[in-house]
>>> print(open('protein_4.txt').read())   # compact mmCIF, C-alpha atoms
# COMPACT_ATOMS: atom_id res chain seq x y z
CA MET A 1 173.45 70.94 118.92
CA ASN A 2 170.45 69.69 116.99
CA LEU A 3 169.90 73.15 115.50
CA ALA A 4 173.54 73.42 114.49
CA LEU A 5 173.38 70.03 112.82
CA ALA A 6 170.22 70.98 110.95
CA LEU A 7 171.82 74.18 109.68
CA LEU A 8 174.89 72.31 108.50
CA LEU A 9 172.74 69.77 106.69
CA CYS A 10 170.74 72.51 104.95
CA MET A 11 173.92 74.26 103.83
CA PHE A 12 175.41 71.01 102.55
CA LEU A 13 172.40 69.48 100.82
CA GLY A 14 170.43 72.58 99.83
CA THR A 15 166.68 73.12 100.26
CA HIS A 16 163.69 74.08 98.19
CA GLY A 17 160.54 75.52 99.68
CA PHE A 18 157.09 75.45 98.13
CA ASN A 19 154.38 77.85 99.22
CA LYS A 20 152.04 75.28 100.76
CA GLN A 21 149.77 78.04 102.07
CA TYR A 22 148.76 79.02 98.53
CA PRO A 23 145.04 78.23 98.06
CA VAL A 24 144.70 75.90 95.08
CA GLU A 25 141.12 75.71 93.79
CA PRO A 26 139.72 74.46 90.47
CA GLN A 27 138.20 76.70 87.84
CA PRO A 28 134.79 77.91 89.13
CA ASN A 29 131.83 76.26 87.38
CA PHE A 30 134.17 73.97 85.45
CA ASP A 31 132.61 72.71 82.20
CA LEU A 32 134.19 69.45 81.01
CA GLU A 33 132.40 69.49 77.67
CA LYS A 34 133.84 72.90 76.81
CA PHE A 35 137.26 71.86 78.10
CA ALA A 36 137.53 68.75 75.90
CA GLY A 37 139.29 68.80 72.54
CA GLU A 38 142.76 69.59 71.22
CA TRP A 39 145.35 71.23 73.45
CA TYR A 40 149.04 72.07 73.04
CA ARG A 41 151.36 71.89 76.03
CA ILE A 42 153.09 75.26 75.93
CA GLY A 43 154.89 75.43 79.28
CA ILE A 44 155.99 73.25 82.18
CA ALA A 45 157.26 74.00 85.68
CA ASP A 46 158.97 71.08 87.42
CA GLU A 47 161.60 71.02 90.18
CA SER A 48 162.63 67.36 89.86
CA ALA A 49 166.24 66.43 89.06
CA LEU A 50 165.09 64.25 86.18
CA PHE A 51 163.23 67.15 84.54
CA ALA A 52 166.31 69.37 84.85
CA MET A 53 168.25 66.95 82.67
CA PHE A 54 165.74 67.07 79.79
CA LYS A 55 164.18 70.54 80.02
CA ASN A 56 166.37 72.03 77.29
CA HIS A 57 165.07 69.43 74.82
CA LEU A 58 161.37 70.06 75.43
CA LYS A 59 159.07 71.02 72.58
CA VAL A 60 155.49 72.18 72.34
CA SER A 61 153.52 68.93 72.08
CA LYS A 62 149.97 68.21 71.00
CA GLY A 63 147.28 66.45 73.02
CA LEU A 64 143.67 65.40 72.59
CA LEU A 65 141.34 65.33 75.60
CA VAL A 66 138.24 63.15 75.25
CA ALA A 67 135.51 63.13 77.89
CA ASN A 68 133.67 59.88 78.66
CA ASP A 69 130.00 59.61 79.51
CA ASN A 70 130.85 58.80 83.14
CA GLY A 71 132.82 62.02 83.62
CA ASN A 72 136.28 60.46 83.31
CA VAL A 73 138.66 61.68 80.60
CA ASN A 74 141.39 60.27 78.37
CA LEU A 75 144.32 62.42 77.29
CA THR A 76 146.36 61.34 74.27
CA MET A 77 149.76 63.01 73.86
CA TRP A 78 152.12 62.73 70.87
CA THR A 79 155.90 63.05 71.12
CA MET A 80 158.64 62.64 68.52
CA ARG A 81 161.13 59.87 69.33
CA PRO A 82 164.13 58.57 67.34
CA TYR A 83 161.91 55.90 65.74
CA GLY A 84 159.00 58.24 64.99
CA CYS A 85 155.93 59.53 66.80
CA SER A 86 155.22 58.03 70.21
CA VAL A 87 151.68 57.90 71.58
CA ASN A 88 150.84 58.02 75.29
CA VAL A 89 147.31 57.77 76.65
CA TYR A 90 146.51 58.93 80.19
CA SER A 91 143.26 58.06 81.96
CA TYR A 92 141.98 60.58 84.50
CA LYS A 93 139.19 59.73 86.92
CA LYS A 94 136.69 62.34 88.04
CA THR A 95 136.31 63.31 91.69
CA ASP A 96 133.44 64.87 93.60
CA VAL A 97 134.91 68.29 92.80
CA PRO A 98 134.38 69.54 89.20
CA GLY A 99 137.75 70.38 87.66
CA GLU A 100 139.70 67.90 89.82
CA PHE A 101 140.79 64.44 88.66
CA THR A 102 143.08 61.63 89.78
CA TYR A 103 145.34 59.23 87.91
CA PHE A 104 147.96 56.60 88.68
CA SER A 105 151.50 57.68 87.84
CA LYS A 106 153.40 54.73 86.36
CA ARG A 107 156.72 56.51 86.81
CA HIS A 108 156.28 57.37 90.48
CA ARG A 109 153.93 54.48 91.34
CA ILE A 110 151.51 56.70 93.24
CA THR A 111 148.06 58.19 92.65
CA LYS A 112 148.23 61.90 91.82
CA ASP A 113 145.59 64.60 91.70
CA ILE A 114 145.13 66.99 88.79
CA THR A 115 143.48 70.39 89.19
CA ILE A 116 142.32 72.60 86.32
CA VAL A 117 143.22 75.80 88.13
CA GLU A 118 142.27 78.29 85.45
CA THR A 119 140.95 78.24 81.88
CA ASN A 120 138.90 80.31 79.47
CA TYR A 121 138.29 77.17 77.34
CA THR A 122 139.14 78.93 74.07
CA ASP A 123 142.76 80.02 74.57
CA TYR A 124 144.56 78.57 77.58
CA SER A 125 144.46 76.49 80.74
CA LEU A 126 146.66 76.22 83.83
CA VAL A 127 146.89 72.68 85.21
CA LEU A 128 148.47 71.61 88.51
CA LYS A 129 149.56 68.05 89.17
CA TYR A 130 149.87 66.93 92.80
CA LYS A 131 148.80 69.96 94.79
CA ASN A 132 150.39 68.60 97.97
CA LEU A 133 153.51 70.31 96.51
CA ASP A 134 156.42 67.91 96.40
CA LYS A 135 159.70 68.52 94.56
CA GLU A 136 159.62 65.15 92.80
CA TYR A 137 155.88 64.90 92.08
CA THR A 138 154.41 68.38 91.55
CA GLN A 139 154.18 69.97 88.13
CA VAL A 140 152.43 72.98 86.61
CA ALA A 141 151.55 72.91 82.92
CA LEU A 142 150.29 75.59 80.57
CA TYR A 143 148.09 74.41 77.69
CA GLY A 144 146.82 76.36 74.72
CA ARG A 145 144.34 75.71 71.94
CA SER A 146 147.08 76.76 69.53
CA SER A 147 150.80 75.99 69.52
CA ILE A 148 151.57 79.69 70.05
CA LEU A 149 150.29 81.69 72.99
CA ARG A 150 150.35 85.39 73.74
CA PRO A 151 153.24 86.60 75.92
CA ASP A 152 150.79 87.82 78.57
CA LEU A 153 149.42 84.30 79.02
CA ILE A 154 152.91 82.83 79.29
CA GLU A 155 153.62 85.47 81.94
CA ARG A 156 150.43 84.44 83.77
CA PHE A 157 151.72 80.86 83.83
CA ARG A 158 155.14 81.99 85.04
CA SER A 159 153.63 84.13 87.80
CA PHE A 160 151.43 81.28 88.98
CA ALA A 161 154.38 78.87 89.13
CA LEU A 162 156.49 81.40 91.04
CA SER A 163 153.64 82.01 93.50
CA LEU A 164 153.66 78.29 94.33
CA GLY A 165 157.39 78.41 95.02
CA PHE A 166 158.88 77.11 91.78
CA SER A 167 162.27 78.57 90.91
CA GLU A 168 162.92 80.48 87.69
CA GLU A 169 165.16 77.64 86.47
CA ALA A 170 162.31 75.14 86.81
CA ILE A 171 159.93 77.08 84.53
CA VAL A 172 160.21 76.28 80.83
CA ALA A 173 158.25 77.60 77.84
CA PRO A 174 159.68 75.91 74.73
CA THR A 175 159.50 77.63 71.37
CA ASP A 176 160.02 74.68 69.02
CA VAL A 177 156.89 72.72 68.07
CA ASP A 178 156.88 68.92 68.02
CA PRO A 179 155.86 67.75 64.51
CA CYS A 180 153.79 64.85 65.85
CA PRO A 181 151.32 63.44 65.13
CA ILE A 182 152.55 62.58 61.65
CA LEU A 183 151.45 58.94 61.61
CA GLU A 184 148.13 57.52 62.65
CA PRO A 185 148.39 56.61 66.35
CA SER A 186 146.65 53.29 65.67
CA GLN A 187 149.60 51.84 63.76
CA PRO A 188 150.78 48.77 65.78
CA TRP A 189 154.53 49.30 65.34
CA SER A 190 154.33 52.87 66.58
CA GLN A 191 152.37 51.85 69.68
CA THR A 192 154.74 48.95 70.39
CA MET A 193 157.88 51.06 70.07
CA GLY A 194 156.28 53.79 72.13
CA TYR A 195 155.49 51.31 74.89
CA ILE A 196 159.04 49.89 74.88
CA TYR A 197 160.51 53.39 74.98
CA SER A 198 158.22 54.36 77.88
CA VAL A 199 159.22 51.26 79.84
CA LEU A 200 162.93 51.91 79.29
CA LEU A 201 162.49 55.57 80.27
CA HIS A 202 160.64 54.49 83.42
CA ILE A 203 163.45 52.08 84.35
CA TRP A 204 166.09 54.73 83.71
CA GLY A 205 164.14 57.29 85.75
CA THR A 206 163.76 54.84 88.65
CA VAL A 207 167.49 54.09 88.64
CA PHE A 208 168.29 57.81 88.47
CA VAL A 209 166.04 58.68 91.43
CA LEU A 210 167.41 55.73 93.43
CA THR A 211 170.98 56.82 92.70
CA GLN A 212 170.22 60.38 93.83
CA THR A 213 168.69 58.99 97.02
CA ILE A 214 171.74 56.84 97.75
CA ILE A 215 174.09 59.76 97.10
CA GLY A 216 171.98 61.94 99.39
CA GLU A 217 172.11 59.33 102.14
CA MET A 218 175.89 59.02 101.76
CA GLN A 219 176.27 62.81 101.96
CA HIS A 220 174.00 62.88 104.99
CA TYR A 221 176.07 60.13 106.65
CA ASP A 222 179.36 61.88 105.94
CA ILE A 223 178.30 65.30 107.19
CA PHE A 224 176.61 63.72 110.22
CA ASN A 225 179.85 62.01 111.21
CA VAL A 226 181.86 65.18 110.63
CA THR A 227 179.39 67.23 112.67
CA GLN A 228 179.44 64.74 115.53
CA PHE A 229 183.25 64.80 115.50
CA VAL A 230 183.35 68.60 115.57
CA LEU A 231 180.82 68.78 118.41
CA GLN A 232 182.92 66.40 120.47
CA LEU A 233 186.00 68.62 120.23
>>> encode(input="protein_4.txt", output="structure tokens")
Amino acid sequence: MNLALALLLCMFLGTHGFNKQYPVEPQPNFDLEKFAGEWYRIGIADESALFAMFKNHLKVSKGLLVANDNGNVNLTMWTMRPYGCSVNVYSYKKTDVPGEFTYFSKRHRITKDITIVETNYTDYSLVLKYKNLDKEYTQVALYGRSSILRPDLIERFRSFALSLGFSEEAIVAPTDVDPCPILEPSQPWSQTMGYIYSVLLHIWGTVFVLTQTIIGEMQHYDIFNVTQFVLQL
């Protein structure tokens, strides 16, 4: 009866399986000094429900990676918002493994790992966030030194994401380029509006995830009761 219930739940709710046996290792002999500098985010693979709602609006966005003397790094990303260019700065802490970092996710309220899986420093890099492979937390990103990458490198990114278990629908390589940065990121009003927008987006994302969880629990409760009723017949 337990097996039958499990099958019914899977059919009703759906499942997604990551390839957790895939060996994820950082770029051999990773060189942070060579890796620093300007990067463009060319592609993203993400299975979360929140990402699915916004993926068709994604654009190629610019970032600047600056290495600190202690081995930590700061990544500044620019994104166009209705009020202008928004600036987000992410602080990544080094680990004992070259090419692996950690950071605290404000949206998910957990510490995530970041692995530079592959890079040639001059053209592209494949970056994996949260290698424990979770539908809500894990993301693969493709970065390039230019806003346009060769089709073979985009295919390399796609193949890597598929090998981890991402679906085709979750893999996005936008063609439009975000015009930011247009303004200097130090302008106070831009930083303030960017912060307010980030906070509102975080609140909306939290409410969205909570709503999905509640709906899932309600569905689980309904199908559980129906299954129990059927098994009693």
>>> residues_around(input="protein_4.txt", residues="region 118-121 of chain A", least_positions_apart="3", cutoff="12 Å", atoms="all atoms listed in the file", output="ChimeraX atom specification")
/A:24-39,99-100,115,124-128,140-146,153,156-157,160
>>> closest_residue(input="protein_4.txt", among="A:Ala173, A:Leu50, A:Ile182, A:Leu65", to="Arg150 (chain A)", atoms="all atoms listed in the file")
A:Ala173
>>> atom_distance(input="protein_4.txt", atom1="CA of Val87 (chain A)", atom2="CA of Ser48 (chain A)")
23.3 Å
>>> atom_distance(input="protein_4.txt", atom1="CA of Asp176 (chain A)", atom2="CA of Ile44 (chain A)")
13.8 Å
>>> closest_residue(input="protein_4.txt", among="A:Gly63, A:Gly43, A:Pro82, A:Pro151", to="Ile171 (chain A)", atoms="only C-alpha atoms")
A:Gly43
>>> residues_around(input="protein_4.txt", residues="Pro174 (chain A)", least_positions_apart="5", cutoff="12 Å", atoms="all atoms listed in the file", output="tab-separated table (two decimals) with C-alpha atoms, keeping the file's coordinate frame")
chain	number	residue	atom	x	y	z
A	40	TYR	CA	149.04	72.07	73.04
A	41	ARG	CA	151.36	71.89	76.03
A	42	ILE	CA	153.09	75.26	75.93
A	43	GLY	CA	154.89	75.43	79.28
A	44	ILE	CA	155.99	73.25	82.18
A	45	ALA	CA	157.26	74.00	85.68
A	54	PHE	CA	165.74	67.07	79.79
A	55	LYS	CA	164.18	70.54	80.02
A	56	ASN	CA	166.37	72.03	77.29
A	57	HIS	CA	165.07	69.43	74.82
A	58	LEU	CA	161.37	70.06	75.43
A	59	LYS	CA	159.07	71.02	72.58
A	60	VAL	CA	155.49	72.18	72.34
A	61	SER	CA	153.52	68.93	72.08
A	141	ALA	CA	151.55	72.91	82.92
A	142	LEU	CA	150.29	75.59	80.57
A	147	SER	CA	150.80	75.99	69.52
A	148	ILE	CA	151.57	79.69	70.05
A	149	LEU	CA	150.29	81.69	72.99
A	154	ILE	CA	152.91	82.83	79.29
>>> closest_residue(input="protein_4.txt", among="A:Tyr83, A:Phe104, A:Leu133, A:Pro98", to="Gly165 (chain A)", atoms="all atoms listed in the file")
A:Leu133
>>> axis_aligned_box(input="protein_4.txt", around="region 111-119 of chain A", padding_each_side="6 Å", output="lines of an AutoDock Vina configuration file")
center_x = 144.6
center_y = 68.2
center_z = 87.3
size_x = 19.3
size_y = 32.1
size_z = 22.8
>>> decode(input="protein_4.txt", residues="region 117-133 of chain A", atoms="all heavy atoms", output="PDB file, in the first residue's frame")
ATOM      1  N   VAL A 117      33.568  25.431 -12.380  1.00  0.00           N
ATOM      2  CA  VAL A 117      33.738  24.084 -12.919  1.00  0.00           C
ATOM      3  C   VAL A 117      34.730  24.056 -14.083  1.00  0.00           C
ATOM      4  O   VAL A 117      35.573  23.159 -14.180  1.00  0.00           O
ATOM      5  CB  VAL A 117      32.383  23.510 -13.366  1.00  0.00           C
ATOM      6  CG1 VAL A 117      32.560  22.117 -13.960  1.00  0.00           C
ATOM      7  CG2 VAL A 117      31.413  23.474 -12.196  1.00  0.00           C
ATOM      8  N   GLU A 118      34.640  25.061 -14.937  1.00  0.00           N
ATOM      9  CA  GLU A 118      35.481  25.053 -16.133  1.00  0.00           C
ATOM     10  C   GLU A 118      35.655  26.473 -16.655  1.00  0.00           C
ATOM     11  O   GLU A 118      34.697  27.255 -16.695  1.00  0.00           O
ATOM     12  CB  GLU A 118      34.825  24.172 -17.207  1.00  0.00           C
ATOM     13  CG  GLU A 118      35.615  23.993 -18.475  1.00  0.00           C
ATOM     14  CD  GLU A 118      34.902  23.058 -19.446  1.00  0.00           C
ATOM     15  OE1 GLU A 118      34.434  21.995 -19.006  1.00  0.00           O
ATOM     16  OE2 GLU A 118      34.809  23.400 -20.633  1.00  0.00           O
ATOM     17  N   THR A 119      36.870  26.829 -17.032  1.00  0.00           N
ATOM     18  CA  THR A 119      37.139  28.123 -17.636  1.00  0.00           C
ATOM     19  C   THR A 119      38.457  28.089 -18.393  1.00  0.00           C
ATOM     20  O   THR A 119      39.358  27.324 -18.043  1.00  0.00           O
ATOM     21  CB  THR A 119      37.194  29.235 -16.562  1.00  0.00           C
ATOM     22  OG1 THR A 119      37.411  30.499 -17.201  1.00  0.00           O
ATOM     23  CG2 THR A 119      38.316  28.988 -15.564  1.00  0.00           C
ATOM     24  N   ASN A 120      38.541  28.913 -19.451  1.00  0.00           N
ATOM     25  CA  ASN A 120      39.828  29.103 -20.110  1.00  0.00           C
ATOM     26  C   ASN A 120      40.333  30.525 -19.880  1.00  0.00           C
ATOM     27  O   ASN A 120      41.303  30.947 -20.495  1.00  0.00           O
ATOM     28  CB  ASN A 120      39.738  28.803 -21.614  1.00  0.00           C
ATOM     29  CG  ASN A 120      38.840  29.784 -22.343  1.00  0.00           C
ATOM     30  OD1 ASN A 120      38.195  30.641 -21.744  1.00  0.00           O
ATOM     31  ND2 ASN A 120      38.794  29.656 -23.666  1.00  0.00           N
ATOM     32  N   TYR A 121      39.623  31.244 -18.975  1.00  0.00           N
ATOM     33  CA  TYR A 121      39.987  32.588 -18.507  1.00  0.00           C
ATOM     34  C   TYR A 121      39.813  33.684 -19.565  1.00  0.00           C
ATOM     35  O   TYR A 121      39.553  34.828 -19.205  1.00  0.00           O
ATOM     36  CB  TYR A 121      41.431  32.617 -17.991  1.00  0.00           C
ATOM     37  CG  TYR A 121      41.679  31.648 -16.866  1.00  0.00           C
ATOM     38  CD1 TYR A 121      42.324  30.430 -17.097  1.00  0.00           C
ATOM     39  CD2 TYR A 121      41.257  31.933 -15.572  1.00  0.00           C
ATOM     40  CE1 TYR A 121      42.543  29.525 -16.067  1.00  0.00           C
ATOM     41  CE2 TYR A 121      41.476  31.032 -14.524  1.00  0.00           C
ATOM     42  CZ  TYR A 121      42.121  29.833 -14.781  1.00  0.00           C
ATOM     43  OH  TYR A 121      42.334  28.930 -13.765  1.00  0.00           O
ATOM     44  N   THR A 122      39.945  33.383 -20.820  1.00  0.00           N
ATOM     45  CA  THR A 122      39.896  34.407 -21.856  1.00  0.00           C
ATOM     46  C   THR A 122      38.568  34.469 -22.611  1.00  0.00           C
ATOM     47  O   THR A 122      38.249  35.486 -23.230  1.00  0.00           O
ATOM     48  CB  THR A 122      41.009  34.184 -22.893  1.00  0.00           C
ATOM     49  OG1 THR A 122      40.863  32.877 -23.458  1.00  0.00           O
ATOM     50  CG2 THR A 122      42.374  34.304 -22.239  1.00  0.00           C
ATOM     51  N   ASP A 123      37.784  33.374 -22.565  1.00  0.00           N
ATOM     52  CA  ASP A 123      36.545  33.331 -23.339  1.00  0.00           C
ATOM     53  C   ASP A 123      35.304  33.018 -22.510  1.00  0.00           C
ATOM     54  O   ASP A 123      34.271  33.668 -22.666  1.00  0.00           O
ATOM     55  CB  ASP A 123      36.645  32.283 -24.463  1.00  0.00           C
ATOM     56  CG  ASP A 123      37.704  32.641 -25.484  1.00  0.00           C
ATOM     57  OD1 ASP A 123      37.684  33.782 -25.972  1.00  0.00           O
ATOM     58  OD2 ASP A 123      38.558  31.787 -25.775  1.00  0.00           O
ATOM     59  N   TYR A 124      35.383  31.995 -21.671  1.00  0.00           N
ATOM     60  CA  TYR A 124      34.169  31.515 -21.006  1.00  0.00           C
ATOM     61  C   TYR A 124      34.474  30.902 -19.647  1.00  0.00           C
ATOM     62  O   TYR A 124      35.625  30.587 -19.308  1.00  0.00           O
ATOM     63  CB  TYR A 124      33.474  30.467 -21.873  1.00  0.00           C
ATOM     64  CG  TYR A 124      34.131  29.108 -21.798  1.00  0.00           C
ATOM     65  CD1 TYR A 124      33.598  28.100 -20.993  1.00  0.00           C
ATOM     66  CD2 TYR A 124      35.304  28.838 -22.498  1.00  0.00           C
ATOM     67  CE1 TYR A 124      34.224  26.859 -20.904  1.00  0.00           C
ATOM     68  CE2 TYR A 124      35.922  27.614 -22.418  1.00  0.00           C
ATOM     69  CZ  TYR A 124      35.378  26.623 -21.616  1.00  0.00           C
ATOM     70  OH  TYR A 124      36.000  25.402 -21.526  1.00  0.00           O
ATOM     71  N   SER A 125      33.393  30.705 -18.880  1.00  0.00           N
ATOM     72  CA  SER A 125      33.482  29.951 -17.624  1.00  0.00           C
ATOM     73  C   SER A 125      32.124  29.333 -17.321  1.00  0.00           C
ATOM     74  O   SER A 125      31.076  29.924 -17.597  1.00  0.00           O
ATOM     75  CB  SER A 125      33.922  30.854 -16.462  1.00  0.00           C
ATOM     76  OG  SER A 125      32.959  31.850 -16.212  1.00  0.00           O
ATOM     77  N   LEU A 126      32.150  28.126 -16.778  1.00  0.00           N
ATOM     78  CA  LEU A 126      30.951  27.435 -16.308  1.00  0.00           C
ATOM     79  C   LEU A 126      30.968  27.461 -14.787  1.00  0.00           C
ATOM     80  O   LEU A 126      31.936  27.019 -14.159  1.00  0.00           O
ATOM     81  CB  LEU A 126      30.924  25.985 -16.802  1.00  0.00           C
ATOM     82  CG  LEU A 126      30.644  25.761 -18.281  1.00  0.00           C
ATOM     83  CD1 LEU A 126      30.807  24.281 -18.629  1.00  0.00           C
ATOM     84  CD2 LEU A 126      29.246  26.238 -18.639  1.00  0.00           C
ATOM     85  N   VAL A 127      29.892  27.976 -14.195  1.00  0.00           N
ATOM     86  CA  VAL A 127      29.835  28.145 -12.741  1.00  0.00           C
ATOM     87  C   VAL A 127      28.614  27.426 -12.195  1.00  0.00           C
ATOM     88  O   VAL A 127      27.499  27.597 -12.715  1.00  0.00           O
ATOM     89  CB  VAL A 127      29.775  29.640 -12.359  1.00  0.00           C
ATOM     90  CG1 VAL A 127      29.706  29.807 -10.843  1.00  0.00           C
ATOM     91  CG2 VAL A 127      30.983  30.383 -12.922  1.00  0.00           C
ATOM     92  N   LEU A 128      28.811  26.629 -11.152  1.00  0.00           N
ATOM     93  CA  LEU A 128      27.724  25.884 -10.518  1.00  0.00           C
ATOM     94  C   LEU A 128      27.482  26.427  -9.123  1.00  0.00           C
ATOM     95  O   LEU A 128      28.401  26.518  -8.307  1.00  0.00           O
ATOM     96  CB  LEU A 128      28.064  24.392 -10.441  1.00  0.00           C
ATOM     97  CG  LEU A 128      27.077  23.508  -9.665  1.00  0.00           C
ATOM     98  CD1 LEU A 128      25.738  23.453 -10.390  1.00  0.00           C
ATOM     99  CD2 LEU A 128      27.640  22.099  -9.473  1.00  0.00           C
ATOM    100  N   LYS A 129      26.241  26.778  -8.849  1.00  0.00           N
ATOM    101  CA  LYS A 129      25.845  27.205  -7.509  1.00  0.00           C
ATOM    102  C   LYS A 129      25.105  26.064  -6.823  1.00  0.00           C
ATOM    103  O   LYS A 129      24.175  25.501  -7.378  1.00  0.00           O
ATOM    104  CB  LYS A 129      24.921  28.429  -7.574  1.00  0.00           C
ATOM    105  CG  LYS A 129      25.580  29.700  -8.058  1.00  0.00           C
ATOM    106  CD  LYS A 129      24.608  30.870  -8.018  1.00  0.00           C
ATOM    107  CE  LYS A 129      25.263  32.153  -8.489  1.00  0.00           C
ATOM    108  NZ  LYS A 129      24.321  33.288  -8.460  1.00  0.00           N
ATOM    109  N   TYR A 130      25.540  25.735  -5.622  1.00  0.00           N
ATOM    110  CA  TYR A 130      24.916  24.720  -4.769  1.00  0.00           C
ATOM    111  C   TYR A 130      24.979  23.333  -5.417  1.00  0.00           C
ATOM    112  O   TYR A 130      24.015  22.830  -5.980  1.00  0.00           O
ATOM    113  CB  TYR A 130      23.457  25.082  -4.471  1.00  0.00           C
ATOM    114  CG  TYR A 130      22.948  24.463  -3.183  1.00  0.00           C
ATOM    115  CD1 TYR A 130      23.328  24.978  -1.952  1.00  0.00           C
ATOM    116  CD2 TYR A 130      22.094  23.370  -3.200  1.00  0.00           C
ATOM    117  CE1 TYR A 130      22.868  24.413  -0.772  1.00  0.00           C
ATOM    118  CE2 TYR A 130      21.635  22.804  -2.034  1.00  0.00           C
ATOM    119  CZ  TYR A 130      22.017  23.324  -0.820  1.00  0.00           C
ATOM    120  OH  TYR A 130      21.563  22.755   0.344  1.00  0.00           O
ATOM    121  N   LYS A 131      26.143  22.720  -5.303  1.00  0.00           N
ATOM    122  CA  LYS A 131      26.370  21.436  -5.969  1.00  0.00           C
ATOM    123  C   LYS A 131      25.695  20.257  -5.290  1.00  0.00           C
ATOM    124  O   LYS A 131      25.787  19.135  -5.767  1.00  0.00           O
ATOM    125  CB  LYS A 131      27.870  21.173  -6.102  1.00  0.00           C
ATOM    126  CG  LYS A 131      28.632  21.041  -4.798  1.00  0.00           C
ATOM    127  CD  LYS A 131      30.119  20.822  -5.082  1.00  0.00           C
ATOM    128  CE  LYS A 131      30.943  20.708  -3.809  1.00  0.00           C
ATOM    129  NZ  LYS A 131      32.379  20.526  -4.116  1.00  0.00           N
ATOM    130  N   ASN A 132      24.986  20.505  -4.180  1.00  0.00           N
ATOM    131  CA  ASN A 132      24.195  19.435  -3.571  1.00  0.00           C
ATOM    132  C   ASN A 132      22.970  19.115  -4.418  1.00  0.00           C
ATOM    133  O   ASN A 132      22.234  18.170  -4.148  1.00  0.00           O
ATOM    134  CB  ASN A 132      23.761  19.838  -2.156  1.00  0.00           C
ATOM    135  CG  ASN A 132      23.299  18.655  -1.338  1.00  0.00           C
ATOM    136  OD1 ASN A 132      23.778  17.537  -1.508  1.00  0.00           O
ATOM    137  ND2 ASN A 132      22.333  18.881  -0.464  1.00  0.00           N
ATOM    138  N   LEU A 133      22.726  19.915  -5.462  1.00  0.00           N
ATOM    139  CA  LEU A 133      21.682  19.706  -6.469  1.00  0.00           C
ATOM    140  C   LEU A 133      20.280  19.668  -5.860  1.00  0.00           C
ATOM    141  O   LEU A 133      19.746  18.622  -5.520  1.00  0.00           O
ATOM    142  CB  LEU A 133      21.955  18.436  -7.275  1.00  0.00           C
ATOM    143  CG  LEU A 133      23.267  18.418  -8.056  1.00  0.00           C
ATOM    144  CD1 LEU A 133      23.387  17.154  -8.889  1.00  0.00           C
ATOM    145  CD2 LEU A 133      23.396  19.642  -8.952  1.00  0.00           C
TER     146      LEU A 133
END
